[in-house]
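As structure tokens, the structure follows; a few thoughts come after it.
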Amino acid sequence: MSATPASVRAEPVERPEFERTPLDARKIGQIERPLSVVERMWNVQVVRNFAVLLMFVVLWEAYTQIANVKPLLFPSFSDTCIALYKAFADQKLMAKIWFTLQSLLIGYAVGLVAAAVLVSLASIWRVWADILMTATAMFNPLPSIALLPLAMLWFGLGTASLVFILIHAVLWAVALNTFVGFQGVSHTQRMVGQNYGLRGVMFAVKILIPAALATVLSGMKIGWAFAWRTLIGAELIFGATSRGGGLGWHIFENAEQLRTSQVFAGLLMIILIGVIVEYVIFRNIELRTVRRWGMQR
Amino acid sequence: MADVKTDPIERPEFERPSVGKANTADVARPLSTLEKVANIDPVRKFTVLLTAIVAWELYTRVAKVPPLIFPTFSDTIVALWKGFTEYGLASQIWASVGILLAGYVIGLAIGAALSFIAVSSRFGSDILGTLTSMLNPLPAVALLPLAMIWFGLGAKSLIFVLLHSIVWPVALNTHTGFMSVAEPLRMVGRNYGLRNIRYVVKLLVPAAFPSILAGMKLGWAFAWRTLIAAELVFGAASEGGGLGWFIFASRNEMDIPGAFAGLLTVILIGFFVENVIFRNIEQGTLVRWGMQSS
Amino acid sequence: MPQTTNGAAPAGAAPAVAPILEVEGVTLQYKTKEHLITATYRVDFKVYPADRFVLLGPSGCGKSTLLKGVAGFMRPVEGEMRLKGRRIEEPGPDRVMVFQEFDQLLPWKTVRQNITFALRNGGRCSRESDADEIAMNYIRKVKLNGFENTYPHMLSGGMKQRVAIARGMAMEPDILLMDEPFASLDALTRRQMQEELLQLWDDTRFTVLFVTHSIEEALLVGNRILVLSPHPGQVKAELNTHMHSHANAGSPEFIALQTRIHNMLFADRVLEE
């Protein structure tokens with residue numbers, strides 16, 4: 001469509017044919033060369049992340065040392081490390097971490113079971129599907145921490161209240177995603193399952209859950225994220241109203257007494273736990289399932 | 001079986017003229033009105049809601065549950081009315097929503113800026129990747145005690161923790177969205193001469209919109225939770241304001257219907273944002289473009 | 001279509017017209033996560049105005065990579081590619097690409113908007129109304145009138161490819177690059193699309209560089225075929241095929257040429273045995 005006037009019909013130019021014998025591929029040399037070790041290392045995401053992390057730590061330390069930032073406002077990295085060491089040695093940080101994790105695990109597990117029961121009911125009876133959808137539409141946007149004052153009234157100050165609001169944090173997100181995931185399973189895959197004689201629980205376990213695993217997992221991740229945020233928040237409030245026991249309380253207590261390096265140490269532990277759960281546990285589950293199956297990039 | 005080879009049976013061919021419409025009965029029969037109404041989703045959900053409310057009211061009345069433990073529905077509604085008329089619930093709502101909006105808008109801007117930096121170079125992408133993977137799992141409310149040391153008790157501290165709860169999920173989702181835009185689509189954009197900011201705005205953002213919207217929804221959910229939690233902590237630590245504080249204060253004065261009224265308001269706002277605002281955005285974009293089924 | 005028969009020009013005579021695209025000694029390499037791969041090795045060819053030039057070869061001969069090189073998405077490690085005498089440095093709207101994948105259409109734009117988007121951003125139209133007019137013209141050309149306000153997800157595969165072709169043609173590029181555009185279609189639709197493409201070519205006489213792995217499609221669509229050997233891609237032959245079309249598909253000459261190319265492509269395999 002180059003600048004040819006419309007009246008002249010461009011005809012392709014005719015030219016002679018030819019045939020050639022291509023060079024033997026072996027003579028060309030490197031057709032496929034493995035990348036060098038450095039190139040390959042640099043392609044590993046973890047290595048790159050770690051390098052950036054190191055850079056941040058150095059910047060943090062250098063800035064606080066050179067600019068003489070008050071440790072009360074922003075402690076240096078080394079101060080934070082010392083505080084972390086001390087916290088493990090004499091503030092029984094380990095016990096606090098355990099206290100936090102215990103409530104979290106109980107709440108998360110019970111929440112998952114409750115979600116499984118609700119979704120099973122909803123998959124069998126349409127009324128339950130309506131109930132589930134209405135309940136999630138109502139309760140999913142309700143921050144479970146808002147229930148804490150009432151939970152404290154009903155269950156007292158203690159693990160029972162924590163577990164109650166954790167269940168609330170996990171249940172709706174997981175149930176909603178699982179149910180929506182189940183509904184999204186393609187008709188073909190359902191028919192294949194029924195064709196091979198799967199019914200009831202076996203059908204759910206062998207067809208629905210694997211087929212909807214991407215959504216189910218993302219529901220579980222959101223549930224974990226809500227639960228983790230709720231728990232730390234609740235411990236802060238417990239710390240504010242009475243004596244508590246977990247990591248949130250460690251932060252609150254030390255902030256009250258202006259031991260900022262201890263606050264940083266607590267935050268560091270919270271980050272560490274969060275990173276382990278999201279990037280070790282969940283990532284590995286994903287790598288072994290949905291990513292391997294090509295359902296998620 | 002194996003030694004006798006089965007041959008298919010030969011049978012005569014035939015052709016037929018197609019059957020006229022007159023002979024075929026009832027090709028498509030409309031459902032009855034009742035069946036149709038029962039298939040409308042809002043109708044079914046509303047019925048469930050109504051049943052739940054009636055059950056709540058009946059149970060608390062018949063079983064004579066002490067209102068201090070679990071008030072009736074009608075008590076809660078009365079308390080809600082009183083909250084608006086006597087206890088200034090409206091201004092508490094405004095206190096919460098105003099700060100939330102401010103935090104949300106600033107947070108979106110920062111998240112967008114970060115994703116833009118990340119998409120323009122590999123180093124930027126590494127920095128954002130590391131930062132989000134560290135800070136996204138850190139509950140924003142855990143920074144509140146620190147924020148109170150830095151900024152004192154007030155709106156500044158609240159906005160600081162809100163920003164933290166919004167920026168990371170938004171940046172993370174936007175960035176992954178950008179990264180997973182299909183290769184042909186990227187090439188189309190560059191083929192037609194889109195570069196730099198125009199490439200991001202005209203191609204990457206709409207192509208990654210499902211992921212961006214998911215990030216915005218997650219950011220909202222975290223922010224909403226963080227705000228209520230922060231107000232509860234503020235309420236616990238000092239005289240605060242906002243919806244969280246309203247719940248906390250009502251409960252402390254053993255005005256349980258008041259606390260329920262506060263919760264109901266929280267539910268209504270959350271329901272409105274998720275099922276009206278975000279739902280409409282989805283319908284107008286993703287569903288219309290066939291990127292997501294309704 | 002040209003009615004001339006086989007072997008008109010005498011061997012060795014250079015055509016009088018200047019070529020649109022010149023590819024000289026081009027070696028292309030790309031990196032995967034673990035390897036550096038040489039896709040093509042010192043390939044050269046010339047495309048002249050109104051050519052329907054086909055790059056043919058088995059998978060792994062680097063024909064798609066070559067097309068991406070011409071489009072400007074990849075730089076050659078040696079050799080040079082020139083469009084109308086200018087060296088190709090980066091992607092640009094003077095070489096529009098049509099892909100095999102259906103997701104090359106912007107899902108957030110309607111059929112018409114997909115075309116006006118290209119016209120406006122490619123710098124062909126500054127006014128929306130002009131772009132609209134051109135878009136409607138090409139929508140009619142690919143027989144999609146009535147669908148101009150439809151979003152791509154509502155269209156069938158063949159219709160999507162038609163939109164992509166209309167979008168590419170509307171830009172009136174110097175050369176249209178087509179990367180196996182019909183490979184994802186069913187056999188009937190594919191044949192129909194090939195015929196429509198030839199019809200469109202007959203109307204406007206654009207220049208097209210067409211990649212395919214199907215010998216039959218190469219004979220039907222092209223007037224000249226570049227046969228590439230696999231891994232790394234090297235030029236094996238350049239053949240004239242303007243005398244073949246759907247009308248004579250199945251004729252002895254057609255089948256003879258098909259067999260000849262087939263033997264050319266799989267000769268190595270025979271030799272190795």
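Residues are named by chain letter and number: chains run A, B, ... in the order of the structure tokens, numbers start at 1 in each chain, and ligands are numbered from 1 in the order shown.
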Could you produce a table of the residues of chain B lying within 10 Å of chain C, with the nearest pair of atoms per residue and their separation in Å rounded to one decimal, using only C-alpha atoms, ordered by chain and increasing residue number, as JSON lines?
{"residue": "B:Ala182", "atom": "CA", "partner": "C:Asp103", "partner_atom": "CA", "distance": 7.5}
{"residue": "B:Glu183", "atom": "CA", "partner": "C:Gln104", "partner_atom": "CA", "distance": 8.6}
{"residue": "B:Pro184", "atom": "CA", "partner": "C:Gln104", "partner_atom": "CA", "distance": 5.3}
{"residue": "B:Leu185", "atom": "CA", "partner": "C:Gln104", "partner_atom": "CA", "distance": 4.9}
{"residue": "B:Arg186", "atom": "CA", "partner": "C:Gln104", "partner_atom": "CA", "distance": 8.6}
{"residue": "B:Met187", "atom": "CA", "partner": "C:Phe73", "partner_atom": "CA", "distance": 7.6}
{"residue": "B:Val188", "atom": "CA", "partner": "C:Gln104", "partner_atom": "CA", "distance": 6.7}
{"residue": "B:Gly189", "atom": "CA", "partner": "C:Ala118", "partner_atom": "CA", "distance": 8.6}
{"residue": "B:Arg190", "atom": "CA", "partner": "C:Pro91", "partner_atom": "CA", "distance": 6.1}
{"residue": "B:Asn191", "atom": "CA", "partner": "C:Gly92", "partner_atom": "CA", "distance": 5.0}
{"residue": "B:Tyr192", "atom": "CA", "partner": "C:Gly122", "partner_atom": "CA", "distance": 4.7}
{"residue": "B:Gly193", "atom": "CA", "partner": "C:Gly122", "partner_atom": "CA", "distance": 5.5}
{"residue": "B:Leu194", "atom": "CA", "partner": "C:Asn121", "partner_atom": "CA", "distance": 6.8}
{"residue": "B:Arg198", "atom": "CA", "partner": "C:Asn121", "partner_atom": "CA", "distance": 9.4}
{"residue": "B:Lys202", "atom": "CA", "partner": "C:Phe117", "partner_atom": "CA", "distance": 9.5}
{"residue": "B:Leu203", "atom": "CA", "partner": "C:Leu106", "partner_atom": "CA", "distance": 8.2}
{"residue": "B:Pro206", "atom": "CA", "partner": "C:Trp108", "partner_atom": "CA", "distance": 6.9}
{"residue": "B:Ala207", "atom": "CA", "partner": "C:Leu106", "partner_atom": "CA", "distance": 7.5}
{"residue": "B:Phe209", "atom": "CA", "partner": "C:Trp108", "partner_atom": "CA", "distance": 9.6}
{"residue": "B:Thr285", "atom": "CA", "partner": "C:Trp108", "partner_atom": "CA", "distance": 7.5}
{"residue": "B:Leu286", "atom": "CA", "partner": "C:Trp108", "partner_atom": "CA", "distance": 8.0}
{"residue": "B:Val287", "atom": "CA", "partner": "C:Trp108", "partner_atom": "CA", "distance": 9.9}
{"residue": "B:Arg288", "atom": "CA", "partner": "C:Tyr151", "partner_atom": "CA", "distance": 7.8}
{"residue": "B:Trp289", "atom": "CA", "partner": "C:Trp108", "partner_atom": "CA", "distance": 5.0}
{"residue": "B:Gly290", "atom": "CA", "partner": "C:His153", "partner_atom": "CA", "distance": 5.5}
{"residue": "B:Met291", "atom": "CA", "partner": "C:Pro107", "partner_atom": "CA", "distance": 7.4}
As a ChimeraX atom specification, please: the residues near region 220-229 of chain C (cut-off 7 Å, only C-alpha atoms, same-chain neighbours under 4 positions excluded). /C:51-57,61,194,198,216,233-242,244-246,265
For Met159 (chain C), work out the shell of residues within 10 Å, counting only C-alpha atoms and skipping chain neighbours fewer than 4 positions away, then give it as a list in words.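 Skipping anything fewer than 4 positions along the chain leaves Phe102, Val111, Val142, Lys143, Leu144, Phe147, Pro152, Met154, Leu155, Val163, Ala164, Ile165, Thr189 and Met193 of chain C.
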Find the residues in chain C near chain A: any atom within 7 Å counts, using only C-alpha atoms. Write them as JSON, numbers by chain. {"C": [2, 7, 9, 10, 11, 15, 34, 35, 36, 37, 38, 48, 49, 50, 51, 172, 173, 174, 204, 205, 206, 207, 232, 234, 235, 236, 237, 238, 239, 240]}
Please provide the set of residues having any atom within 9 Å of region 109-114 of chain A, restricted to only C-alpha atoms, with same-chain residues fewer than 6 positions apart removed, written as a PyMOL selection string. chain A and resi 163+166-172+174-175+220+223
At a cut-off of 8 Å, list the chain B residues touching chain A, using only C-alpha atoms, as an NGL selection string. :B and (44-45 or 48-49 or 69 or 126-127 or 129-130 or 133-135 or 137-143 or 145-146 or 149-150 or 180 or 221-222 or 224-226 or 228-230 or 232-233 or 236-237 or 244 or 247-248 or 251 or 259 or 263 or 266-268 or 270-271 or 274-275)
Could you give me, as a PyMOL selection string, each residue of region 83-158 of chain B that DSSP assigns to alpha helix (DSSP H) when run on this structure's backbone? chain B and resi 83-85+89-120+122-135+144-151+155-158
Could you save those same residues with C-alpha atoms as a CSV table (one decimal), in the first residue's frame?
chain,number,residue,atom,x,y,z
B,83,GLY,CA,-27.3,7.2,67.9
B,84,PHE,CA,-28.1,9.5,65.0
B,85,THR,CA,-30.3,11.9,66.9
B,89,LEU,CA,-23.3,9.0,65.2
B,90,ALA,CA,-23.4,10.9,61.9
B,91,SER,CA,-20.4,13.0,62.8
B,92,GLN,CA,-18.5,9.9,64.0
B,93,ILE,CA,-19.2,8.2,60.6
B,94,TRP,CA,-17.9,11.3,58.9
B,95,ALA,CA,-14.8,11.3,61.1
B,96,SER,CA,-14.1,7.7,60.0
B,97,VAL,CA,-15.1,8.0,56.3
B,98,GLY,CA,-13.3,11.4,55.8
B,99,ILE,CA,-9.9,10.0,57.1
B,100,LEU,CA,-10.5,6.8,55.1
B,101,LEU,CA,-11.1,8.7,51.9
B,102,ALA,CA,-8.0,10.9,52.4
B,103,GLY,CA,-5.8,7.9,53.2
B,104,TYR,CA,-7.2,5.9,50.3
B,105,VAL,CA,-6.7,8.6,47.7
B,106,ILE,CA,-3.1,9.4,48.8
B,107,GLY,CA,-2.4,5.7,49.1
B,108,LEU,CA,-3.6,5.0,45.5
B,109,ALA,CA,-1.4,7.8,44.2
B,110,ILE,CA,1.7,6.5,46.0
B,111,GLY,CA,0.9,2.9,44.9
B,112,ALA,CA,0.5,4.1,41.3
B,113,ALA,CA,3.8,6.0,41.4
B,114,LEU,CA,5.7,3.0,42.9
B,115,SER,CA,4.3,0.7,40.2
B,116,PHE,CA,5.3,3.1,37.5
B,117,ILE,CA,8.9,3.3,38.8
B,118,ALA,CA,8.9,-0.5,39.1
B,119,VAL,CA,7.7,-1.0,35.5
B,120,SER,CA,10.3,1.3,34.0
B,122,ARG,CA,14.4,-3.9,36.4
B,123,PHE,CA,16.1,-2.4,39.5
B,124,GLY,CA,13.0,-0.5,40.3
B,125,SER,CA,11.0,-3.7,40.0
B,126,ASP,CA,13.4,-5.4,42.4
B,127,ILE,CA,13.1,-2.7,44.9
B,128,LEU,CA,9.3,-2.7,44.8
B,129,GLY,CA,9.3,-6.5,44.9
B,130,THR,CA,11.4,-6.6,48.0
B,131,LEU,CA,9.6,-3.8,49.8
B,132,THR,CA,6.2,-5.2,49.2
B,133,SER,CA,7.1,-8.8,50.1
B,134,MET,CA,8.5,-7.4,53.4
B,135,LEU,CA,5.9,-4.8,54.3
B,144,LEU,CA,0.2,2.5,65.2
B,145,PRO,CA,2.1,2.6,68.5
B,146,LEU,CA,5.1,3.8,66.5
B,147,ALA,CA,3.1,6.3,64.5
B,148,MET,CA,1.8,7.7,67.9
B,149,ILE,CA,5.4,8.3,68.9
B,150,TRP,CA,6.2,10.0,65.7
B,151,PHE,CA,3.1,12.0,64.9
B,155,ALA,CA,-5.4,12.2,62.2
B,156,LYS,CA,-1.8,12.1,61.1
B,157,SER,CA,-1.1,8.9,62.8
B,158,LEU,CA,-4.3,7.4,61.4
Name the residues of region 4-212 of chain C that come out as strand (DSSP E) in a backbone DSSP run; write them as a PyMOL selection string. chain C and resi 21-31+35-47+52-56+78-83+86-87+95-98+175-179+208-212
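Here CA of Glu78 (chain C) and CA of Arg42 (chain C) stand 7.7 Å from one another.
Among the candidates C:Ile215, C:Leu200, C:Val26, C:Val43, the residue lying nearest to Ala249 (chain C) is C:Ile215 (atoms considered: only C-alpha atoms).
Straight-line separation from CA of Ile255 (chain C) to CA of Pro58 (chain C): 18.6 Å.
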Write out as a list of chain:residue names which residues come within 12 Å of Glu57 (chain B) when counting only C-alpha atoms, dropping same-chain ones fewer than 2 positions away.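 The residues that qualify are B:Leu50, B:Thr51, B:Ala52, B:Ile53, B:Val54, B:Ala55, B:Tyr59, B:Thr60, B:Arg61, B:Val62, B:Ala63, B:Lys64, B:Val65, B:Pro67, B:Phe70, B:Pro71, B:Thr72, B:Phe73, B:Ser74, B:Asp75, B:Thr76, B:Ile77.
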Just to confirm, what's the straight-line distance from CA of Phe182 (chain A) to CA of Leu208 (chain A) in Å (one decimal)?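 Here the two named atoms are 5.9 Å from each other.
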